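Engineer: What follows is coords.txt, compact mmCIF, C-alpha atoms.
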```txt
# COMPACT_ATOMS: atom_id res chain seq x y z
CA MET A 1 0.00 0.00 0.00
CA LYS A 2 1.18 3.58 -0.58
CA VAL A 3 1.37 5.19 2.84
CA GLY A 4 2.13 8.78 3.73
CA VAL A 5 3.63 9.44 7.15
CA LEU A 6 3.20 13.03 8.28
CA GLY A 7 5.97 13.85 10.77
CA THR A 8 9.69 13.16 11.12
CA GLY A 9 9.90 12.68 14.90
CA MET A 10 10.45 9.42 16.78
CA VAL A 11 6.89 8.21 16.11
CA GLY A 12 6.94 9.03 12.41
CA VAL A 13 10.35 7.45 11.83
CA THR A 14 9.54 4.31 13.81
CA ILE A 15 6.19 3.71 12.07
CA ALA A 16 7.56 4.57 8.63
CA SER A 17 10.46 2.13 9.06
CA LYS A 18 8.12 -0.62 10.18
CA LEU A 19 5.83 -0.07 7.19
CA VAL A 20 8.77 -0.19 4.77
CA SER A 21 9.98 -3.41 6.39
CA LEU A 22 6.50 -4.84 5.75
CA GLY A 23 6.83 -4.04 2.05
CA HIS A 24 4.77 -0.86 1.83
CA GLU A 25 5.81 2.19 -0.18
CA VAL A 26 6.20 4.99 2.33
CA MET A 27 6.67 8.72 1.84
CA MET A 28 7.65 10.73 4.89
CA GLY A 29 6.29 14.26 4.92
CA SER A 30 7.70 17.37 6.53
CA ARG A 31 7.32 21.16 6.19
CA VAL A 32 9.66 21.29 3.22
CA ALA A 33 10.95 18.59 0.89
CA GLY A 34 14.57 17.67 1.58
CA GLN A 35 14.29 18.09 5.37
CA GLU A 36 17.38 16.65 7.03
CA LYS A 37 15.74 13.98 9.23
CA ALA A 38 13.49 12.81 6.39
CA VAL A 39 16.43 12.52 3.98
CA ALA A 40 18.46 10.59 6.58
CA TRP A 41 15.50 8.26 7.13
CA VAL A 42 15.16 7.56 3.38
CA ALA A 43 18.89 6.71 3.21
CA ARG A 44 18.51 4.27 6.13
CA ALA A 45 15.20 2.75 5.11
CA GLY A 46 16.20 2.07 1.51
CA LYS A 47 13.86 0.61 -1.12
CA GLY A 48 10.27 1.78 -0.83
CA ALA A 49 11.13 4.90 1.18
CA SER A 50 10.81 8.46 -0.08
CA GLU A 51 10.26 11.91 1.36
CA GLY A 52 8.60 15.18 0.44
CA SER A 53 6.53 18.08 1.67
CA PHE A 54 3.40 17.49 3.75
CA ALA A 55 1.34 18.16 0.60
CA ALA A 56 3.35 15.73 -1.56
CA CYS A 57 3.15 13.11 1.19
CA ALA A 58 -0.62 13.52 1.55
CA ALA A 59 -1.10 13.31 -2.23
CA PHE A 60 1.09 10.19 -2.40
CA GLY A 61 -0.56 8.15 0.31
CA GLU A 62 -3.65 6.00 -0.14
CA LEU A 63 -3.60 6.02 3.64
CA LEU A 64 -1.96 8.57 5.94
CA PHE A 65 -0.41 8.37 9.39
CA LEU A 66 -0.55 11.58 11.41
CA CYS A 67 2.53 11.43 13.66
CA THR A 68 3.26 15.01 14.66
CA GLN A 69 3.14 16.65 18.06
CA GLY A 70 -0.41 17.39 19.20
CA THR A 71 0.20 21.12 19.28
CA VAL A 72 0.79 21.39 15.52
CA VAL A 73 -1.76 18.90 14.20
CA LEU A 74 -4.26 21.32 12.68
CA ASP A 75 -1.44 23.36 11.19
CA VAL A 76 0.19 20.32 9.57
CA LEU A 77 -3.11 19.15 8.09
CA GLY A 78 -3.63 22.61 6.62
CA ALA A 79 -0.17 22.39 5.01
CA ALA A 80 -0.93 18.87 3.76
CA GLY A 81 -3.95 20.29 1.92
CA LEU A 82 -7.47 19.15 2.70
CA GLU A 83 -7.98 18.15 -0.96
CA ASN A 84 -5.03 15.73 -0.77
CA LEU A 85 -6.63 13.99 2.21
CA ARG A 86 -10.18 13.77 0.87
CA GLY A 87 -11.75 10.30 1.07
CA LYS A 88 -8.64 8.68 2.57
CA PRO A 89 -8.15 6.89 5.88
CA LEU A 90 -6.07 9.04 8.23
CA VAL A 91 -4.54 7.24 11.21
CA ASP A 92 -4.27 9.73 14.06
CA VAL A 93 -1.68 8.61 16.62
CA THR A 94 -1.26 12.05 18.23
CA ASN A 95 -1.86 13.21 21.78
CA PRO A 96 -2.86 16.71 22.92
CA LEU A 97 0.07 17.02 25.32
CA ASP A 98 0.86 20.51 26.55
CA PHE A 99 4.37 20.80 27.98
CA SER A 100 4.18 24.59 28.43
CA ALA A 101 4.01 24.26 32.22
CA GLY A 102 6.67 21.54 32.36
CA PHE A 103 6.49 17.84 33.14
CA PRO A 104 4.17 16.02 33.46
CA PRO A 105 2.28 17.69 30.61
CA THR A 106 -1.41 18.52 30.80
CA LEU A 107 -3.94 17.95 28.00
CA SER A 108 -4.77 20.91 25.75
CA VAL A 109 -8.15 19.38 24.90
CA LYS A 110 -10.10 16.88 27.03
CA ASP A 111 -13.33 15.64 28.54
CA THR A 112 -15.84 17.33 26.21
CA ASP A 113 -13.72 17.17 23.03
CA SER A 114 -10.58 15.48 21.73
CA LEU A 115 -7.84 16.00 19.19
CA GLY A 116 -9.26 13.10 17.18
CA GLU A 117 -12.61 14.85 16.93
CA GLN A 118 -10.95 18.16 16.05
CA VAL A 119 -9.13 16.46 13.19
CA GLN A 120 -12.34 14.80 11.98
CA ARG A 121 -14.20 18.14 12.11
CA LEU A 122 -11.42 19.84 10.14
CA LEU A 123 -11.48 17.02 7.56
CA PRO A 124 -15.14 15.96 7.22
CA ASP A 125 -14.38 14.00 4.03
CA THR A 126 -11.39 12.14 5.51
CA LYS A 127 -11.84 8.91 7.44
CA VAL A 128 -10.09 9.57 10.74
CA VAL A 129 -9.11 6.55 12.82
CA LYS A 130 -7.56 7.21 16.22
CA THR A 131 -5.26 4.43 17.36
CA LEU A 132 -1.80 3.58 18.77
CA ASN A 133 -1.64 6.81 20.81
CA THR A 134 -1.73 4.81 24.07
CA MET A 135 1.79 3.41 23.78
CA ASN A 136 5.39 4.33 23.13
CA ALA A 137 6.63 4.56 19.52
CA SER A 138 8.75 1.41 19.79
CA VAL A 139 5.78 -0.58 21.13
CA MET A 140 3.53 0.76 18.34
CA ALA A 141 5.87 -0.71 15.73
CA HIS A 142 7.26 -3.65 17.72
CA PRO A 143 4.54 -5.00 20.01
CA GLU A 144 6.15 -8.44 20.44
CA PRO A 145 8.90 -7.60 22.97
CA VAL A 146 6.25 -6.45 25.48
CA GLY A 147 4.57 -9.54 26.90
CA GLY A 148 4.86 -11.42 23.61
CA GLY A 149 2.53 -8.85 22.02
CA ASP A 150 -0.41 -9.84 24.21
CA HIS A 151 -1.78 -6.36 24.93
CA THR A 152 -4.58 -4.17 23.66
CA VAL A 153 -4.65 -1.46 21.02
CA PHE A 154 -7.77 0.71 20.77
CA LEU A 155 -9.57 1.97 17.64
CA SER A 156 -11.88 4.99 17.42
CA GLY A 157 -13.49 6.23 14.24
CA ASP A 158 -16.72 6.82 12.38
CA ASN A 159 -15.94 4.86 9.20
CA PRO A 160 -16.08 1.05 9.46
CA THR A 161 -14.23 0.47 6.17
CA ALA A 162 -11.34 2.69 7.22
CA LYS A 163 -11.23 0.96 10.61
CA ALA A 164 -11.06 -2.43 8.88
CA VAL A 165 -8.11 -1.26 6.74
CA VAL A 166 -6.30 0.09 9.80
CA GLU A 167 -7.05 -3.10 11.72
CA GLY A 168 -5.39 -5.05 8.93
CA LEU A 169 -2.29 -2.85 9.14
CA LEU A 170 -2.15 -3.22 12.94
CA LEU A 171 -2.26 -7.00 12.58
CA GLU A 172 0.57 -6.81 10.01
CA MET A 173 2.54 -4.74 12.52
CA GLY A 174 2.21 -7.50 15.10
CA HIS A 175 -0.70 -6.34 17.22
CA THR A 176 -2.93 -9.16 18.37
CA ASP A 177 -5.74 -7.65 20.45
CA ILE A 178 -7.58 -4.77 18.73
CA LEU A 179 -10.53 -3.26 20.60
CA ASP A 180 -12.91 -1.10 18.57
CA LEU A 181 -14.28 1.48 21.00
CA GLY A 182 -16.77 2.99 18.57
CA GLY A 183 -17.02 6.42 16.94
CA ILE A 184 -14.37 9.12 16.87
CA GLU A 185 -15.80 10.67 20.07
CA THR A 186 -14.30 7.71 21.95
CA ALA A 187 -10.92 9.34 21.23
CA ARG A 188 -11.68 11.29 24.42
CA GLY A 189 -11.11 8.06 26.32
CA VAL A 190 -7.79 7.08 24.78
CA GLU A 191 -6.42 10.62 24.92
CA MET A 192 -7.37 11.05 28.58
CA TYR A 193 -5.53 7.82 29.37
CA LEU A 194 -2.23 9.61 28.72
CA PRO A 195 -1.93 11.09 32.24
CA LEU A 196 -2.09 7.53 33.62
CA TRP A 197 0.37 6.28 30.99
CA LEU A 198 2.80 9.01 32.10
CA ARG A 199 2.51 7.98 35.78
CA VAL A 200 2.96 4.30 34.97
CA MET A 201 6.06 5.18 32.95
CA GLY A 202 7.34 7.11 35.97
CA ALA A 203 6.67 4.21 38.33
CA LEU A 204 8.22 1.57 36.08
CA GLY A 205 11.09 3.77 34.91
CA THR A 206 10.52 2.70 31.31
CA ALA A 207 8.14 3.41 28.43
CA ASP A 208 8.34 -0.21 27.29
CA PHE A 209 5.02 -1.35 28.68
CA GLN A 210 1.45 -1.61 27.50
CA VAL A 211 -1.99 -2.38 28.90
CA LYS A 212 -4.05 -5.46 28.22
CA VAL A 213 -7.81 -5.29 28.66
CA VAL A 214 -8.51 -8.46 30.64
CA ARG A 215 -12.04 -9.68 29.98
CA GLY A 216 -14.14 -11.27 32.71
CA MET B 1 -8.87 -4.82 61.71
CA LYS B 2 -11.65 -2.34 62.54
CA VAL B 3 -12.67 -0.79 59.23
CA GLY B 4 -15.13 2.03 58.59
CA VAL B 5 -16.81 2.11 55.18
CA LEU B 6 -18.24 5.51 54.34
CA GLY B 7 -21.09 5.04 51.86
CA THR B 8 -24.00 2.64 51.37
CA GLY B 9 -24.01 2.40 47.58
CA MET B 10 -22.91 -0.54 45.45
CA VAL B 11 -19.20 0.10 46.10
CA GLY B 12 -19.59 0.52 49.86
CA VAL B 13 -21.77 -2.58 50.24
CA THR B 14 -19.53 -4.75 48.06
CA ILE B 15 -16.31 -3.75 49.81
CA ALA B 16 -17.85 -3.94 53.28
CA SER B 17 -19.18 -7.45 52.61
CA LYS B 18 -15.79 -8.60 51.34
CA LEU B 19 -14.02 -7.21 54.42
CA VAL B 20 -16.49 -8.95 56.76
CA SER B 21 -15.97 -12.21 54.87
CA LEU B 22 -12.24 -11.80 55.48
CA GLY B 23 -12.86 -11.54 59.23
CA HIS B 24 -12.63 -7.78 59.72
CA GLU B 25 -15.00 -5.80 61.91
CA VAL B 26 -16.76 -3.37 59.62
CA MET B 27 -19.02 -0.42 60.38
CA MET B 28 -20.91 1.06 57.46
CA GLY B 29 -21.48 4.80 57.73
CA SER B 30 -24.27 6.93 56.31
CA ARG B 31 -25.80 10.36 56.94
CA VAL B 32 -27.86 9.11 59.87
CA ALA B 33 -27.60 5.95 61.95
CA GLY B 34 -30.30 3.41 61.11
CA GLN B 35 -30.31 4.20 57.38
CA GLU B 36 -32.35 1.57 55.55
CA LYS B 37 -29.63 0.22 53.20
CA ALA B 38 -27.05 0.10 55.99
CA VAL B 39 -29.42 -1.78 58.31
CA ALA B 40 -30.28 -4.24 55.53
CA TRP B 41 -26.56 -4.77 54.88
CA VAL B 42 -25.86 -5.49 58.56
CA ALA B 43 -28.67 -8.08 58.60
CA ARG B 44 -27.20 -9.79 55.51
CA ALA B 45 -23.54 -9.55 56.49
CA GLY B 46 -24.01 -10.90 60.01
CA LYS B 47 -21.21 -11.21 62.57
CA GLY B 48 -18.66 -8.40 62.45
CA ALA B 49 -21.00 -5.98 60.66
CA SER B 50 -22.46 -2.82 62.18
CA GLU B 51 -23.72 0.56 61.00
CA GLY B 52 -23.86 4.13 62.21
CA SER B 53 -23.50 7.77 61.25
CA PHE B 54 -20.53 8.94 59.19
CA ALA B 55 -19.01 10.29 62.42
CA ALA B 56 -19.54 7.04 64.34
CA CYS B 57 -18.10 5.07 61.42
CA ALA B 58 -15.03 7.31 61.17
CA ALA B 59 -14.44 7.09 64.93
CA PHE B 60 -14.81 3.28 64.82
CA GLY B 61 -12.41 2.54 61.99
CA GLU B 62 -8.66 2.17 62.38
CA LEU B 63 -8.78 2.44 58.58
CA LEU B 64 -11.50 4.03 56.46
CA PHE B 65 -12.81 3.35 52.98
CA LEU B 66 -14.32 6.34 51.20
CA CYS B 67 -16.97 4.86 48.89
CA THR B 68 -19.39 7.68 48.14
CA GLN B 69 -20.15 9.41 44.86
CA GLY B 70 -17.46 11.87 43.85
CA THR B 71 -19.84 14.83 44.04
CA VAL B 72 -20.40 14.49 47.81
CA VAL B 73 -16.93 13.49 48.99
CA LEU B 74 -15.93 16.71 50.73
CA ASP B 75 -19.37 16.96 52.31
CA VAL B 76 -19.25 13.41 53.67
CA LEU B 77 -15.78 13.92 55.12
CA GLY B 78 -17.00 17.05 56.86
CA ALA B 79 -19.87 15.04 58.36
CA ALA B 80 -17.44 12.27 59.37
CA GLY B 81 -15.49 14.84 61.36
CA LEU B 82 -11.88 15.66 60.59
CA GLU B 83 -10.87 14.78 64.18
CA ASN B 84 -12.25 11.23 63.74
CA LEU B 85 -10.05 10.74 60.68
CA ARG B 86 -6.83 12.18 62.07
CA GLY B 87 -3.76 9.96 61.66
CA LYS B 88 -5.68 7.15 59.97
CA PRO B 89 -5.29 5.62 56.53
CA LEU B 90 -8.21 6.62 54.29
CA VAL B 91 -8.69 4.54 51.16
CA ASP B 92 -10.20 6.78 48.50
CA VAL B 93 -11.96 4.74 45.82
CA THR B 94 -14.04 7.62 44.46
CA ASN B 95 -14.17 9.18 41.01
CA PRO B 96 -15.02 12.79 40.15
CA LEU B 97 -17.77 11.80 37.72
CA ASP B 98 -20.21 14.52 36.74
CA PHE B 99 -23.44 13.16 35.26
CA SER B 100 -25.15 16.56 35.10
CA ALA B 101 -24.91 16.64 31.29
CA GLY B 102 -25.92 12.97 30.92
CA PHE B 103 -23.92 9.94 29.87
CA PRO B 104 -21.00 9.53 29.45
CA PRO B 105 -20.14 11.69 32.46
CA THR B 106 -17.33 14.24 32.41
CA LEU B 107 -14.82 14.79 35.21
CA SER B 108 -15.51 17.60 37.68
CA VAL B 109 -11.79 17.87 38.48
CA LYS B 110 -8.92 16.84 36.21
CA ASP B 111 -5.51 17.45 34.70
CA THR B 112 -4.13 19.99 37.20
CA ASP B 113 -5.83 18.57 40.29
CA SER B 114 -7.70 15.44 41.42
CA LEU B 115 -10.30 14.36 43.92
CA GLY B 116 -7.60 12.39 45.74
CA GLU B 117 -5.53 15.55 46.18
CA GLN B 118 -8.60 17.52 47.28
CA VAL B 119 -9.29 14.93 49.97
CA GLN B 120 -5.66 15.00 51.11
CA ARG B 121 -5.69 18.82 51.28
CA LEU B 122 -8.92 18.76 53.31
CA LEU B 123 -7.42 16.15 55.67
CA PRO B 124 -3.71 17.01 56.01
CA ASP B 125 -3.34 14.70 59.03
CA THR B 126 -5.05 11.73 57.37
CA LYS B 127 -3.10 9.29 55.20
CA VAL B 128 -5.01 9.25 51.92
CA VAL B 129 -4.41 6.31 49.59
CA LYS B 130 -6.14 6.39 46.24
CA THR B 131 -6.79 2.93 44.84
CA LEU B 132 -9.40 0.59 43.31
CA ASN B 133 -11.18 3.45 41.50
CA THR B 134 -10.17 2.01 38.10
CA MET B 135 -12.53 -0.97 38.22
CA ASN B 136 -16.11 -1.99 38.86
CA ALA B 137 -17.23 -2.68 42.45
CA SER B 138 -17.53 -6.42 41.89
CA VAL B 139 -13.99 -6.58 40.48
CA MET B 140 -12.64 -4.53 43.40
CA ALA B 141 -13.90 -7.14 45.84
CA HIS B 142 -13.69 -10.23 43.63
CA PRO B 143 -10.70 -9.90 41.29
CA GLU B 144 -10.42 -13.64 40.57
CA PRO B 145 -13.27 -14.07 38.05
CA VAL B 146 -11.59 -11.58 35.70
CA GLY B 147 -8.62 -13.33 34.09
CA GLY B 148 -7.86 -15.34 37.22
CA GLY B 149 -7.10 -12.09 39.05
CA ASP B 150 -4.09 -11.33 36.83
CA HIS B 151 -4.64 -7.58 36.41
CA THR B 152 -3.25 -4.40 37.91
CA VAL B 153 -4.49 -2.21 40.74
CA PHE B 154 -2.82 1.19 41.21
CA LEU B 155 -1.83 2.93 44.45
CA SER B 156 -1.32 6.68 44.95
CA GLY B 157 -0.48 8.31 48.25
CA ASP B 158 2.09 10.26 50.22
CA ASN B 159 2.42 7.94 53.24
CA PRO B 160 4.44 4.73 52.70
CA THR B 161 3.16 3.07 55.89
CA ALA B 162 -0.47 3.64 54.94
CA LYS B 163 0.23 2.35 51.44
CA ALA B 164 1.79 -0.81 52.91
CA VAL B 165 -1.31 -1.41 55.06
CA VAL B 166 -3.60 -0.89 52.07
CA GLU B 167 -1.42 -3.14 49.93
CA GLY B 168 -1.85 -5.88 52.55
CA LEU B 169 -5.63 -5.47 52.42
CA LEU B 170 -5.62 -5.58 48.61
CA LEU B 171 -3.67 -8.84 48.68
CA GLU B 172 -6.17 -10.24 51.21
CA MET B 173 -8.97 -9.26 48.82
CA GLY B 174 -7.34 -11.28 46.05
CA HIS B 175 -5.43 -8.67 44.09
CA THR B 176 -2.12 -9.93 42.77
CA ASP B 177 -0.47 -7.07 40.87
CA ILE B 178 -0.26 -3.81 42.83
CA LEU B 179 1.52 -0.91 41.14
CA ASP B 180 2.57 1.99 43.37
CA LEU B 181 2.44 5.09 41.17
CA GLY B 182 3.90 7.46 43.76
CA GLY B 183 2.46 10.42 45.66
CA ILE B 184 -1.18 11.45 45.87
CA GLU B 185 -0.76 13.72 42.82
CA THR B 186 -0.63 10.57 40.71
CA ALA B 187 -4.36 10.24 41.46
CA ARG B 188 -4.71 12.56 38.43
CA GLY B 189 -3.67 9.62 36.29
CA VAL B 190 -6.03 7.02 37.69
CA GLU B 191 -8.98 9.43 37.78
CA MET B 192 -8.42 10.54 34.18
CA TYR B 193 -8.45 6.88 33.12
CA LEU B 194 -12.19 6.77 33.83
CA PRO B 195 -13.26 8.16 30.43
CA LEU B 196 -11.39 5.26 28.80
CA TRP B 197 -12.85 2.76 31.28
CA LEU B 198 -16.34 4.00 30.33
CA ARG B 199 -15.66 3.54 26.58
CA VAL B 200 -14.20 0.07 27.10
CA MET B 201 -17.30 -0.85 29.13
CA GLY B 202 -19.43 0.42 26.24
CA ALA B 203 -17.45 -1.58 23.67
CA LEU B 204 -17.45 -4.81 25.70
CA GLY B 205 -21.02 -4.42 26.97
CA THR B 206 -19.93 -5.31 30.49
CA ALA B 207 -18.15 -3.76 33.46
CA ASP B 208 -16.51 -7.07 34.32
CA PHE B 209 -13.07 -6.30 32.90
CA GLN B 210 -9.83 -4.87 34.13
CA VAL B 211 -6.49 -3.73 32.76
CA LYS B 212 -3.16 -5.41 33.24
CA VAL B 213 0.01 -3.39 32.89
CA VAL B 214 2.14 -5.63 30.70
CA ARG B 215 5.83 -5.02 31.34
CA GLY B 216 8.38 -5.15 28.54
```
Show me this structure written as structure tokens.
Structural biologist:
Amino acid sequence: MKVGVLGTGMVGVTIASKLVSLGHEVMMGSRVAGQEKAVAWVARAGKGASEGSFAACAAFGELLFLCTQGTVVLDVLGAAGLENLRGKPLVDVTNPLDFSAGFPPTLSVKDTDSLGEQVQRLLPDTKVVKTLNTMNASVMAHPEPVGGGDHTVFLSGDNPTAKAVVEGLLLEMGHTDILDLGGIETARGVEMYLPLWLRVMGALGTADFQVKVVRG
Amino acid sequence: MKVGVLGTGMVGVTIASKLVSLGHEVMMGSRVAGQEKAVAWVARAGKGASEGSFAACAAFGELLFLCTQGTVVLDVLGAAGLENLRGKPLVDVTNPLDFSAGFPPTLSVKDTDSLGEQVQRLLPDTKVVKTLNTMNASVMAHPEPVGGGDHTVFLSGDNPTAKAVVEGLLLEMGHTDILDLGGIETARGVEMYLPLWLRVMGALGTADFQVKVVRG
């Protein structure tokens, strides 16, 4: 599949590399084509990897991953061009973390709205699927080292077809337990989990953990 | 141990019954002595069970469980009498759920404060331990039916001795994986998990589930 990955940070690089290793054609997008980290990633990732502007990346992908910091999401999507995203599944892995008052961060949107819903409102013709935001980048792409991969990844989104496509990709990536929470408004739940994730990370002294929903 | 359980709702009744079954002496507290649900509970629970006002309950217990709705917590503690709670461990299992705008509820306090911290500020000489608020009442008291009890209960609190006492009680109740998150400010994490808990309940169609923190 042709996949566009918007963002050149740890999450973007880790997901893009995983997708290339699975045989997908991946373009990494950044503010301007030729950005240093994107070019370095293409050199490392090899065959199937390319890079370009956010707009080129969005036009390239049949499916997009949104992997930027939460604070710049709406900005990045504007740069990507709403017309380039029309009708496509957009996998939103972002979190509305606000580090302006230091660590631990607070949430810039919560409780009565979510970043996932904001993205869906901005892009009414794009099929937003919120997922993977509840774990560290390395666990997103390499679930197996944590408990043999036996942990839960959540899905939120309004379009069942897009969710099915994303579910297929998650299975390819090694995830085994995918829990569909319902419409995009359930992104409020997975985003508000982040404050607990941060405290668990603090207690364990590592981000290499995940949660499993244990059924009764 | 002499335990006071503040609250006569589902959580209070379920925890109080479990503690009696474990051989503890338990007084259930409500606004006025002789409250119908408390009297009915005493009749069912038998030996070791008693009931009284919030103040009588707080005076009786060497350790207290706070099991009321989040909206009335500060009120109930005022009625219990700060002097009756002084120096004692207080197990706070409440959640700041606000149902005033319908379902799903929002959180009346979040992100930069928590109900656990509010309780600790109101009762500076009481040893507040936030725990058990991340699961259904039946799972709090009967962890075994959910995945054989292999799931995680969190602890937040500033007093190590009180946390050790509460940890002992949790083990008696059948919990197997207790994760100490740190000081009472980490209650922000476990309280903000509730919006996700509510969506998982919706997706599974049952409250009989829990989460396990899977370590890498």
Engineer: Find the residues around segment 126-140 of chain B up to 8 Å (all atoms listed in the file counted), leave out those fewer than 5 positions away in its own chain, and share them as a PyMOL selection string.
Structural biologist: chain B and resi 10-11+14-15+85-95+116+119-120+145-146+153-159+162-163+166+184+187+190-191+193-194+197+207-210
Engineer: When you get a sec, could you note down which chain B residues fall within 8 Å of chain A, using all atoms listed in the file, as a PyMOL selection string?
Structural biologist: chain B and resi 106-107+111-112+145-147+151+179-182+186+188-190+192-200+202-203+208-216
Engineer: Extending 6 Å beyond the listed atoms of segment 69-86 of chain A on each side, what axis-aligned box results? I want centre and edge lengths in Å to one decimal, as AutoDock Vina command-line options.
Structural biologist:
```
--center_x -3.5 --center_y 18.6 --center_z 9.2 --size_x 25.3 --size_y 21.6 --size_z 32.2
```
Engineer: Just to confirm, what's the straight-line distance from atom CA of Lys2 of chain A to atom CA of Gly23 of chain A in Å (one decimal)?
Structural biologist: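 Result for atom CA of Lys2 of chain A versus atom CA of Gly23 of chain A: 9.8 Å, one decimal.
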Engineer: What does the distance between atom CA of Asp177 of chain B and atom CA of Trp41 of chain B come to in Å, to one decimal place?
Structural biologist: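 Straight-line distance from atom CA of Asp177 of chain B to atom CA of Trp41 of chain B works out to 29.7 Å.
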Engineer: Give me, as a PyMOL selection string, all polymer residues having an atom no more than 8 Å from segment 68-73 of chain A, counting all atoms listed in the file and skipping those fewer than 3 positions away in the same chain.
Structural biologist: chain A and resi 6-9+11-12+76-77+94-98+115+119
Engineer: Quick check, in Å to one decimal: how far apart do atom CA of Met173 of chain B and atom CA of Lys18 of chain B lie?
Structural biologist: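 Distance reported for this atom pair: 7.3 Å.
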Engineer: Just checking: using all atoms listed in the file, which residue out of A:Val5, A:Leu19, A:Leu66, A:Val13 ends up closest to Ser53 of chain A?
Structural biologist: A:Val5
Engineer: Which residue out of B:Ala16, B:Leu74, B:Ile178, B:Gly34 has the minimum interatomic distance to Gly48 of chain B when all atoms listed in the file are used?
Structural biologist: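 Closest to Gly48 of chain B, using all atoms listed in the file: B:Ala16.
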Engineer: Have a look at A:Ala101, A:Ala80, A:Ala49, A:Ala58 and name the one nearest to Arg31 of chain A; count only C-alpha atoms.
Structural biologist: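 Among the listed residues, A:Ala80 lies closest to Arg31 of chain A.
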Engineer: Missing atoms in segment 145-157 of chain A: can you complete it with N, CA, C and O atoms, as a PDB file, in the coordinates of the input?
Structural biologist:
```
ATOM      1  N   PRO A 145       8.030  -7.517  21.786  1.00  0.00           N
ATOM      2  CA  PRO A 145       8.900  -7.600  22.970  1.00  0.00           C
ATOM      3  C   PRO A 145       8.172  -7.337  24.294  1.00  0.00           C
ATOM      4  O   PRO A 145       8.694  -7.703  25.343  1.00  0.00           O
ATOM      5  N   VAL A 146       7.014  -6.703  24.239  1.00  0.00           N
ATOM      6  CA  VAL A 146       6.250  -6.450  25.480  1.00  0.00           C
ATOM      7  C   VAL A 146       5.228  -7.567  25.654  1.00  0.00           C
ATOM      8  O   VAL A 146       4.212  -7.623  24.943  1.00  0.00           O
ATOM      9  N   GLY A 147       5.506  -8.472  26.569  1.00  0.00           N
ATOM     10  CA  GLY A 147       4.570  -9.540  26.900  1.00  0.00           C
ATOM     11  C   GLY A 147       4.201 -10.404  25.698  1.00  0.00           C
ATOM     12  O   GLY A 147       3.051 -10.872  25.608  1.00  0.00           O
ATOM     13  N   GLY A 148       5.134 -10.597  24.780  1.00  0.00           N
ATOM     14  CA  GLY A 148       4.860 -11.420  23.610  1.00  0.00           C
ATOM     15  C   GLY A 148       3.807 -10.822  22.684  1.00  0.00           C
ATOM     16  O   GLY A 148       3.249 -11.509  21.822  1.00  0.00           O
ATOM     17  N   GLY A 149       3.531  -9.520  22.861  1.00  0.00           N
ATOM     18  CA  GLY A 149       2.530  -8.850  22.020  1.00  0.00           C
ATOM     19  C   GLY A 149       1.107  -9.008  22.526  1.00  0.00           C
ATOM     20  O   GLY A 149       0.169  -8.548  21.866  1.00  0.00           O
ATOM     21  N   ASP A 150       0.943  -9.626  23.691  1.00  0.00           N
ATOM     22  CA  ASP A 150      -0.410  -9.840  24.210  1.00  0.00           C
ATOM     23  C   ASP A 150      -0.887  -8.639  25.028  1.00  0.00           C
ATOM     24  O   ASP A 150      -0.894  -8.649  26.264  1.00  0.00           O
ATOM     25  N   HIS A 151      -1.237  -7.573  24.299  1.00  0.00           N
ATOM     26  CA  HIS A 151      -1.780  -6.360  24.930  1.00  0.00           C
ATOM     27  C   HIS A 151      -2.712  -5.695  23.935  1.00  0.00           C
ATOM     28  O   HIS A 151      -2.781  -6.104  22.770  1.00  0.00           O
ATOM     29  N   THR A 152      -3.417  -4.672  24.387  1.00  0.00           N
ATOM     30  CA  THR A 152      -4.580  -4.170  23.660  1.00  0.00           C
ATOM     31  C   THR A 152      -4.309  -2.838  22.976  1.00  0.00           C
ATOM     32  O   THR A 152      -3.785  -1.917  23.604  1.00  0.00           O
ATOM     33  N   VAL A 153      -4.688  -2.749  21.714  1.00  0.00           N
ATOM     34  CA  VAL A 153      -4.650  -1.460  21.020  1.00  0.00           C
ATOM     35  C   VAL A 153      -6.095  -1.060  20.699  1.00  0.00           C
ATOM     36  O   VAL A 153      -6.915  -1.889  20.305  1.00  0.00           O
ATOM     37  N   PHE A 154      -6.410   0.209  20.926  1.00  0.00           N
ATOM     38  CA  PHE A 154      -7.770   0.710  20.770  1.00  0.00           C
ATOM     39  C   PHE A 154      -7.963   1.351  19.390  1.00  0.00           C
ATOM     40  O   PHE A 154      -7.035   1.902  18.823  1.00  0.00           O
ATOM     41  N   LEU A 155      -9.191   1.313  18.910  1.00  0.00           N
ATOM     42  CA  LEU A 155      -9.570   1.970  17.640  1.00  0.00           C
ATOM     43  C   LEU A 155     -10.778   2.866  17.904  1.00  0.00           C
ATOM     44  O   LEU A 155     -11.747   2.434  18.526  1.00  0.00           O
ATOM     45  N   SER A 156     -10.720   4.089  17.382  1.00  0.00           N
ATOM     46  CA  SER A 156     -11.880   4.990  17.420  1.00  0.00           C
ATOM     47  C   SER A 156     -12.053   5.596  16.039  1.00  0.00           C
ATOM     48  O   SER A 156     -11.080   6.090  15.464  1.00  0.00           O
ATOM     49  N   GLY A 157     -13.263   5.602  15.539  1.00  0.00           N
ATOM     50  CA  GLY A 157     -13.490   6.230  14.240  1.00  0.00           C
ATOM     51  C   GLY A 157     -14.901   6.009  13.752  1.00  0.00           C
ATOM     52  O   GLY A 157     -15.564   5.056  14.172  1.00  0.00           O
TER      53      GLY A 157
END
```
